[in-house]
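With compact mmCIF, C-alpha atoms inside, this is protein_33.txt:
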# COMPACT_ATOMS: atom_id res chain seq x y z
CA MET A 1 -1.86 -23.03 27.28
CA ARG A 2 0.99 -22.60 24.82
CA SER A 3 -0.18 -25.55 22.75
CA LEU A 4 -3.70 -24.10 22.76
CA THR A 5 -2.31 -20.79 21.50
CA TRP A 6 -0.43 -22.52 18.70
CA SER A 7 -3.49 -24.58 17.81
CA PHE A 8 -5.51 -21.38 17.51
CA ARG A 9 -2.81 -19.79 15.34
CA ILE A 10 -2.74 -22.75 12.98
CA VAL A 11 -6.54 -22.85 12.65
CA TYR A 12 -6.75 -19.05 12.23
CA HIS A 13 -4.05 -19.00 9.55
CA ALA A 14 -5.61 -21.91 7.70
CA TRP A 15 -8.93 -20.02 7.71
CA ALA A 16 -7.28 -16.75 6.60
CA ILE A 17 -5.45 -18.46 3.72
CA LEU A 18 -8.59 -20.33 2.64
CA ILE A 19 -10.66 -17.13 2.54
CA PHE A 20 -7.83 -15.19 0.86
CA VAL A 21 -7.64 -17.74 -1.96
CA ALA A 22 -11.42 -18.22 -2.26
CA LEU A 23 -12.05 -14.47 -2.62
CA MET A 24 -9.16 -14.11 -5.04
CA LEU A 25 -10.57 -16.90 -7.22
CA LEU A 26 -14.00 -15.27 -7.02
CA ILE A 27 -12.80 -11.97 -8.50
CA PHE A 28 -10.25 -13.54 -10.86
CA PRO A 29 -12.58 -14.05 -13.91
CA PHE A 30 -13.74 -10.44 -13.66
CA VAL A 31 -10.16 -9.17 -13.49
CA VAL A 32 -9.33 -11.19 -16.60
CA LEU A 33 -12.31 -9.60 -18.33
CA ALA A 34 -11.16 -6.15 -17.16
CA SER A 35 -7.72 -6.77 -18.66
CA PHE A 36 -9.28 -6.49 -22.14
CA TRP A 37 -10.55 -2.98 -21.36
CA GLY A 38 -7.10 -1.41 -21.32
CA ARG A 39 -4.68 -0.42 -18.60
CA ILE A 40 -6.67 2.58 -17.37
CA ARG A 41 -10.33 1.58 -17.61
CA GLY A 42 -9.60 -2.06 -16.86
CA GLY A 43 -7.26 -1.19 -14.03
CA ASN A 44 -9.84 1.10 -12.44
CA PHE A 45 -12.43 -1.67 -12.54
CA ALA A 46 -9.91 -4.11 -11.05
CA TYR A 47 -9.30 -1.62 -8.23
CA HIS A 48 -12.98 -1.83 -7.23
CA LEU A 49 -12.78 -5.63 -7.31
CA LEU A 50 -9.73 -5.53 -5.05
CA ARG A 51 -11.52 -3.24 -2.62
CA PHE A 52 -14.31 -5.81 -2.42
CA TRP A 53 -11.71 -8.54 -1.87
CA ALA A 54 -9.84 -6.63 0.88
CA ARG A 55 -12.98 -5.50 2.70
CA SER A 56 -14.49 -9.00 2.61
CA TRP A 57 -11.26 -10.70 3.68
CA PHE A 58 -10.74 -8.33 6.60
CA ALA A 59 -14.34 -8.79 7.78
CA LEU A 60 -14.02 -12.58 7.71
CA ILE A 61 -10.67 -12.74 9.53
CA GLY A 62 -11.46 -10.17 12.20
CA ILE A 63 -9.43 -7.15 11.04
CA ARG A 64 -11.36 -3.92 11.65
CA HIS A 65 -10.10 -1.14 9.40
CA ARG A 66 -10.85 2.57 9.67
CA ASN A 67 -9.47 5.72 8.08
CA ILE A 68 -8.60 8.71 10.26
CA HIS A 69 -9.14 12.08 8.58
CA ASP A 70 -8.22 14.39 11.47
CA HIS A 71 -5.63 16.13 9.28
CA TYR A 72 -7.02 15.70 5.76
CA ARG A 73 -9.70 13.97 3.69
CA PRO A 74 -8.61 13.32 0.07
CA ASP A 75 -10.77 14.76 -2.68
CA PRO A 76 -11.87 11.82 -4.90
CA GLY A 77 -11.96 14.22 -7.85
CA MET A 78 -8.25 15.01 -7.52
CA GLN A 79 -5.17 12.93 -8.14
CA TYR A 80 -2.37 12.42 -5.66
CA ILE A 81 0.91 10.69 -5.20
CA PHE A 82 0.11 8.79 -2.02
CA VAL A 83 3.14 7.75 0.03
CA ALA A 84 2.94 5.37 3.00
CA ASN A 85 5.24 3.65 5.48
CA HIS A 86 6.06 -0.01 4.79
CA ASN A 87 6.20 -2.52 7.67
CA SER A 88 4.22 -5.58 6.64
CA PHE A 89 3.05 -7.85 3.84
CA LEU A 90 -0.43 -6.71 4.90
CA ASP A 91 0.27 -3.18 3.57
CA ALA A 92 -1.03 -3.99 0.08
CA ALA A 93 -4.45 -5.14 1.30
CA VAL A 94 -4.67 -2.22 3.74
CA ALA A 95 -3.80 0.24 0.96
CA VAL A 96 -6.70 -0.95 -1.19
CA GLU A 97 -9.09 -0.58 1.73
CA THR A 98 -7.62 2.82 2.72
CA ILE A 99 -7.53 4.75 -0.57
CA ARG A 100 -11.11 5.29 -1.69
CA GLN A 101 -10.35 6.23 -5.30
CA PRO A 102 -8.71 4.32 -8.16
CA PHE A 103 -4.93 4.26 -7.94
CA ARG A 104 -1.94 2.24 -9.08
CA ALA A 105 0.84 1.20 -6.75
CA LEU A 106 4.53 0.82 -7.48
CA GLY A 107 5.21 -2.83 -6.63
CA LYS A 108 7.98 -5.40 -6.50
CA ALA A 109 8.41 -7.64 -9.54
CA GLU A 110 8.67 -10.79 -7.38
CA MET A 111 5.00 -10.57 -6.38
CA ALA A 112 3.90 -10.94 -10.02
CA LYS A 113 5.14 -14.55 -10.00
CA ILE A 114 2.47 -15.73 -7.53
CA PRO A 115 -0.18 -17.87 -9.32
CA VAL A 116 -3.57 -16.16 -9.90
CA PHE A 117 -2.63 -13.23 -7.66
CA GLY A 118 0.23 -12.43 -10.04
CA LEU A 119 -2.10 -11.68 -12.97
CA ILE A 120 -4.25 -9.40 -10.82
CA TYR A 121 -1.09 -7.76 -9.51
CA ARG A 122 0.25 -7.03 -13.00
CA ILE A 123 -2.99 -5.27 -13.99
CA CYS A 124 -3.16 -3.10 -10.88
CA VAL A 125 0.50 -2.36 -10.21
CA VAL A 126 3.40 -0.62 -11.95
CA ILE A 127 6.11 -3.24 -11.54
CA VAL A 128 9.72 -2.42 -10.70
CA GLN A 129 12.93 -4.37 -10.11
CA ARG A 130 14.67 -2.05 -7.70
CA ASP A 131 18.13 -3.48 -8.40
CA ASN A 132 17.79 -2.78 -12.12
CA ALA A 133 18.32 0.82 -13.31
CA GLU A 134 16.45 0.25 -16.59
CA SER A 135 13.46 -1.21 -14.71
CA ARG A 136 13.43 1.72 -12.30
CA ALA A 137 13.44 4.21 -15.19
CA ARG A 138 10.66 2.29 -16.96
CA SER A 139 8.55 2.26 -13.80
CA VAL A 140 8.93 6.04 -13.43
CA ARG A 141 7.66 6.48 -17.00
CA GLY A 142 4.76 4.17 -16.18
CA LEU A 143 3.82 6.20 -13.10
CA LYS A 144 3.84 9.40 -15.15
CA THR A 145 1.57 7.82 -17.75
CA ILE A 146 -0.91 6.78 -15.05
CA LEU A 147 -0.96 10.32 -13.65
CA LYS A 148 -1.53 11.78 -17.14
CA HIS A 149 -4.72 9.72 -17.32
CA GLY A 150 -6.02 11.28 -14.09
CA VAL A 151 -5.36 8.27 -11.84
CA SER A 152 -3.52 8.57 -8.52
CA ILE A 153 -0.51 6.45 -7.60
CA LEU A 154 0.82 4.92 -4.39
CA VAL A 155 4.50 4.54 -3.58
CA PHE A 156 6.18 3.07 -0.51
CA PRO A 157 9.22 5.39 -0.56
CA GLU A 158 11.19 3.23 1.90
CA GLY A 159 11.31 0.59 -0.84
CA THR A 160 11.58 -2.40 1.52
CA PHE A 161 10.25 -3.32 4.95
CA ASN A 162 11.38 -1.10 7.79
CA ASP A 163 13.06 -3.34 10.37
CA THR A 164 15.30 -0.65 11.87
CA GLY A 165 13.30 0.18 14.98
CA ARG A 166 13.11 3.78 13.77
CA PRO A 167 9.89 5.44 12.54
CA LEU A 168 11.00 5.21 8.89
CA LYS A 169 13.85 4.01 6.71
CA ALA A 170 15.53 6.44 4.31
CA PHE A 171 13.36 7.33 1.32
CA PHE A 172 14.14 6.66 -2.33
CA ASP A 173 13.84 9.59 -4.76
CA GLY A 174 11.28 8.13 -7.20
CA ALA A 175 7.98 9.41 -5.78
CA PHE A 176 9.36 12.88 -5.22
CA ARG A 177 10.97 13.08 -8.64
CA VAL A 178 7.66 12.16 -10.29
CA ALA A 179 5.81 14.67 -8.09
CA ILE A 180 8.04 17.54 -9.20
CA GLU A 181 8.10 16.52 -12.86
CA THR A 182 4.29 16.17 -13.05
CA GLY A 183 3.29 18.88 -10.56
CA THR A 184 1.30 16.38 -8.49
CA GLN A 185 0.88 16.97 -4.78
CA ILE A 186 2.01 14.32 -2.31
CA CYS A 187 -0.46 12.93 0.23
CA PRO A 188 1.26 11.01 3.07
CA ILE A 189 -0.54 8.12 4.78
CA LEU A 190 0.45 6.41 8.03
CA PHE A 191 -0.34 2.71 8.41
CA LEU A 192 -0.33 2.41 12.21
CA ASP A 193 -1.30 -1.21 12.89
CA ASP A 194 -0.06 -3.33 9.97
CA HIS A 195 3.10 -4.21 11.91
CA ASP A 196 0.95 -5.48 14.79
CA ARG A 197 -1.49 -7.37 12.58
CA MET A 198 1.23 -9.13 10.58
CA PRO A 199 4.81 -8.60 11.78
CA PHE A 200 7.74 -9.48 9.54
CA PRO A 201 8.69 -12.28 8.91
CA PRO A 202 5.09 -13.29 8.27
CA LEU A 203 5.08 -17.01 9.22
CA PHE A 204 2.11 -17.55 11.58
CA THR A 205 2.09 -13.91 12.66
CA LEU A 206 -1.23 -12.72 11.17
CA ASN A 207 -3.73 -11.89 13.90
CA PRO A 208 -7.14 -10.16 14.21
CA GLY A 209 -7.53 -6.64 15.58
CA PRO A 210 -7.70 -2.98 14.57
CA SER A 211 -6.20 -1.43 11.46
CA ARG A 212 -5.86 2.35 11.23
CA ALA A 213 -4.72 4.60 8.39
CA VAL A 214 -4.06 8.30 9.04
CA PHE A 215 -4.16 10.80 6.18
CA LEU A 216 -1.77 13.73 6.60
CA PRO A 217 -2.11 17.11 4.81
CA PRO A 218 -0.90 17.09 1.19
CA VAL A 219 2.50 18.56 0.41
CA SER A 220 2.40 20.90 -2.57
CA VAL A 221 5.16 20.89 -5.20
CA ASP A 222 4.06 24.14 -6.85
CA GLY A 223 7.06 26.06 -8.14
CA MET A 224 9.52 23.30 -7.27
CA GLU A 225 12.33 22.24 -9.58
CA MET A 226 14.52 19.17 -9.55
CA LYS A 227 17.05 20.99 -7.37
CA ASP A 228 14.36 21.00 -4.64
CA LEU A 229 14.00 17.20 -4.65
CA GLY A 230 16.09 16.68 -1.52
CA ARG A 231 14.20 19.34 0.41
CA LEU A 232 10.83 17.89 -0.63
CA LYS A 233 11.83 14.37 0.36
CA GLU A 234 13.19 15.58 3.70
CA SER A 235 10.01 17.55 4.40
CA VAL A 236 7.70 14.57 3.79
CA PHE A 237 10.01 12.24 5.73
CA GLY A 238 10.04 14.62 8.71
CA LEU A 239 6.26 15.05 8.69
CA MET A 240 5.58 11.31 8.59
CA ALA A 241 8.23 10.44 11.20
CA GLU A 242 6.91 13.09 13.59
CA LYS A 243 3.33 11.84 13.34
CA LEU A 244 4.37 8.18 13.71
CA VAL A 245 6.09 9.08 16.96
CA LYS A 246 3.05 11.08 18.07
CA HIS A 247 0.77 8.12 17.36
CA LYS A 248 3.17 5.80 19.27
CA ALA A 249 3.76 3.39 16.40
CA SER A 250 4.58 0.05 18.04
CA TRP A 251 7.72 -0.74 16.02
CA ILE A 252 9.60 2.36 17.19
CA ARG A 253 12.23 1.47 19.77
As a first step, turn the structure in this file into structure tokens.
Amino acid sequence: MRSLTWSFRIVYHAWAILIFVALMLLIFPFVVLASFWGRIRGGNFAYHLLRFWARSWFALIGIRHRNIHDHYRPDPGMQYIFVANHNSFLDAAVAVETIRQPFRALGKAEMAKIPVFGLIYRICVVIVQRDNAESRARSVRGLKTILKHGVSILVFPEGTFNDTGRPLKAFFDGAFRVAIETGTQICPILFLDDHDRMPFPPLFTLNPGPSRAVFLPPVSVDGMEMKDLGRLKESVFGLMAEKLVKHKASWIR
């Protein structure tokens, strides 16, 4: 039985990788074309291509995604700083399928080195090297520029994967600093099943099943100043942690 299970895992992962690469190669020429349209227009077009890629990939590997709007449904005509928990390499694909309006994510520089995917990543992501102060400052300026053009952004405020057994790791300041400086409301999202679909480390852990994203009510920054940064961060952290516990997130011990 165990060997049958491992055989299925190997076949399933081979299929998932094959489809991942095939779909990425399918959209690649169009992303290259979009890159000539500028960072905003081209990036928005690339976002729609990535949504097609994520939706198609999930359908073909048996991941069933749905958004839960019990608390809030984002207005596609508004811009937000979306913040989400970070537990899996699958988070990036889930984010594209979850957020139904063009956005740019703050992403790790290492991912830009992956062939083919790296070019797409550079067009759709504001890249940061978290251990480099100059890179962090440059990424913050990049996020502000994106917001000025009316496009939302996504930040994983934990920075790295949460392997603590707690609902969340401590948040970095970046998303909340940008929110206060630009007056942009924060919309928290909970990714409930990414950890189950692809636990970390990711070797042969991807598996089919449900994927749920829960939108929480936006947190306004009206009237806030930089002295309120800690309070804002704490408020969003508390809201997300409470709801993760309520939804019985599987990684919480």
Could you give me, as a VMD selection string, the residues within 12 Å of Ser250 of chain A, counting only C-alpha atoms and dropping anything in the same chain fewer than 2 positions from it? chain A and resid 87 163 165 to 167 191 to 197 199 244 to 248 252 to 253
Compile the contact shell of Gly43 of chain A as an mmCIF file with C-alpha atoms, in the frame of the given file: residues with an atom at most 9 Å away, counting all atoms listed in the file, same-chain residues fewer than 5 positions apart removed.
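Saved result, selection16.cif, follows:
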data_model
loop_
_atom_site.group_PDB
_atom_site.id
_atom_site.type_symbol
_atom_site.label_atom_id
_atom_site.label_comp_id
_atom_site.auth_asym_id
_atom_site.auth_seq_id
_atom_site.Cartn_x
_atom_site.Cartn_y
_atom_site.Cartn_z
ATOM 1 C CA VAL A 31 -10.160 -9.170 -13.490
ATOM 2 C CA ALA A 34 -11.160 -6.150 -17.160
ATOM 3 C CA SER A 35 -7.720 -6.770 -18.660
ATOM 4 C CA TRP A 37 -10.550 -2.980 -21.360
ATOM 5 C CA GLY A 38 -7.100 -1.410 -21.320
ATOM 6 C CA HIS A 48 -12.980 -1.830 -7.230
ATOM 7 C CA PRO A 102 -8.710 4.320 -8.160
ATOM 8 C CA PHE A 103 -4.930 4.260 -7.940
ATOM 9 C CA ARG A 104 -1.940 2.240 -9.080
ATOM 10 C CA ILE A 123 -2.990 -5.270 -13.990
ATOM 11 C CA CYS A 124 -3.160 -3.100 -10.880
ATOM 12 C CA VAL A 125 0.500 -2.360 -10.210
#
For segment 37-87 of chain A against segment 152-155 of chain A, with a cut-off of 6 Å and counting only C-alpha atoms, what is the closest atom pair and its distance in Å to one decimal for every residue that makes the cut, ordered by chain and number, as CSV?
residue,atom,partner,partner_atom,distance
A:Gln79,CA,A:Ser152,CA,4.7
A:Tyr80,CA,A:Ser152,CA,4.9
A:Ile81,CA,A:Ile153,CA,5.1
A:Phe82,CA,A:Leu154,CA,4.6
A:Val83,CA,A:Val155,CA,5.0
Counting all atoms listed in the file, closest pick from A:Val219, A:Ile180, A:Leu232, A:Leu206 relative to Phe58 of chain A is A:Leu206
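Proximity ranking of A:Lys144, A:Val21, A:Arg51, A:Pro157 relative to Ile114 of chain A places A:Val21 first, based on all atoms listed in the file.
Across the structure, atom CA of Val221 of chain A and atom CA of His71 of chain A are spaced 18.7 Å apart.
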Reconstruct N, CA and C atoms of segment 140-156 of chain A; output as a PDB file, keeping the file's coordinate frame.
ATOM      1  N   VAL A 140       9.194   4.608 -13.576  1.00  0.00           N
ATOM      2  CA  VAL A 140       8.930   6.040 -13.430  1.00  0.00           C
ATOM      3  C   VAL A 140       8.105   6.540 -14.608  1.00  0.00           C
ATOM      4  N   ARG A 141       8.451   6.092 -15.817  1.00  0.00           N
ATOM      5  CA  ARG A 141       7.660   6.480 -17.000  1.00  0.00           C
ATOM      6  C   ARG A 141       6.239   5.956 -16.881  1.00  0.00           C
ATOM      7  N   GLY A 142       6.097   4.739 -16.352  1.00  0.00           N
ATOM      8  CA  GLY A 142       4.760   4.170 -16.180  1.00  0.00           C
ATOM      9  C   GLY A 142       3.926   4.953 -15.186  1.00  0.00           C
ATOM     10  N   LEU A 143       4.545   5.396 -14.097  1.00  0.00           N
ATOM     11  CA  LEU A 143       3.820   6.200 -13.100  1.00  0.00           C
ATOM     12  C   LEU A 143       3.358   7.525 -13.705  1.00  0.00           C
ATOM     13  N   LYS A 144       4.205   8.137 -14.514  1.00  0.00           N
ATOM     14  CA  LYS A 144       3.840   9.400 -15.150  1.00  0.00           C
ATOM     15  C   LYS A 144       2.673   9.213 -16.110  1.00  0.00           C
ATOM     16  N   THR A 145       2.666   8.105 -16.825  1.00  0.00           N
ATOM     17  CA  THR A 145       1.570   7.820 -17.750  1.00  0.00           C
ATOM     18  C   THR A 145       0.254   7.665 -17.000  1.00  0.00           C
ATOM     19  N   ILE A 146       0.295   6.953 -15.869  1.00  0.00           N
ATOM     20  CA  ILE A 146      -0.910   6.780 -15.050  1.00  0.00           C
ATOM     21  C   ILE A 146      -1.442   8.131 -14.597  1.00  0.00           C
ATOM     22  N   LEU A 147      -0.544   8.998 -14.126  1.00  0.00           N
ATOM     23  CA  LEU A 147      -0.960  10.320 -13.650  1.00  0.00           C
ATOM     24  C   LEU A 147      -1.565  11.151 -14.782  1.00  0.00           C
ATOM     25  N   LYS A 148      -1.000  11.032 -15.992  1.00  0.00           N
ATOM     26  CA  LYS A 148      -1.530  11.780 -17.140  1.00  0.00           C
ATOM     27  C   LYS A 148      -2.963  11.402 -17.454  1.00  0.00           C
ATOM     28  N   HIS A 149      -3.352  10.183 -17.075  1.00  0.00           N
ATOM     29  CA  HIS A 149      -4.720   9.720 -17.320  1.00  0.00           C
ATOM     30  C   HIS A 149      -5.637  10.023 -16.131  1.00  0.00           C
ATOM     31  N   GLY A 150      -5.164  10.840 -15.194  1.00  0.00           N
ATOM     32  CA  GLY A 150      -6.020  11.280 -14.090  1.00  0.00           C
ATOM     33  C   GLY A 150      -6.173  10.281 -12.961  1.00  0.00           C
ATOM     34  N   VAL A 151      -5.277   9.290 -12.888  1.00  0.00           N
ATOM     35  CA  VAL A 151      -5.360   8.270 -11.840  1.00  0.00           C
ATOM     36  C   VAL A 151      -4.226   8.498 -10.834  1.00  0.00           C
ATOM     37  N   SER A 152      -4.535   8.389  -9.564  1.00  0.00           N
ATOM     38  CA  SER A 152      -3.520   8.570  -8.520  1.00  0.00           C
ATOM     39  C   SER A 152      -2.584   7.368  -8.469  1.00  0.00           C
ATOM     40  N   ILE A 153      -1.454   7.549  -7.775  1.00  0.00           N
ATOM     41  CA  ILE A 153      -0.510   6.450  -7.600  1.00  0.00           C
ATOM     42  C   ILE A 153      -0.141   6.339  -6.120  1.00  0.00           C
ATOM     43  N   LEU A 154       0.345   5.172  -5.748  1.00  0.00           N
ATOM     44  CA  LEU A 154       0.820   4.920  -4.390  1.00  0.00           C
ATOM     45  C   LEU A 154       2.239   4.389  -4.464  1.00  0.00           C
ATOM     46  N   VAL A 155       3.111   4.978  -3.648  1.00  0.00           N
ATOM     47  CA  VAL A 155       4.500   4.540  -3.580  1.00  0.00           C
ATOM     48  C   VAL A 155       4.876   4.349  -2.110  1.00  0.00           C
ATOM     49  N   PHE A 156       5.567   3.252  -1.821  1.00  0.00           N
ATOM     50  CA  PHE A 156       6.180   3.070  -0.510  1.00  0.00           C
ATOM     51  C   PHE A 156       7.627   3.560  -0.636  1.00  0.00           C
TER      52      PHE A 156
END
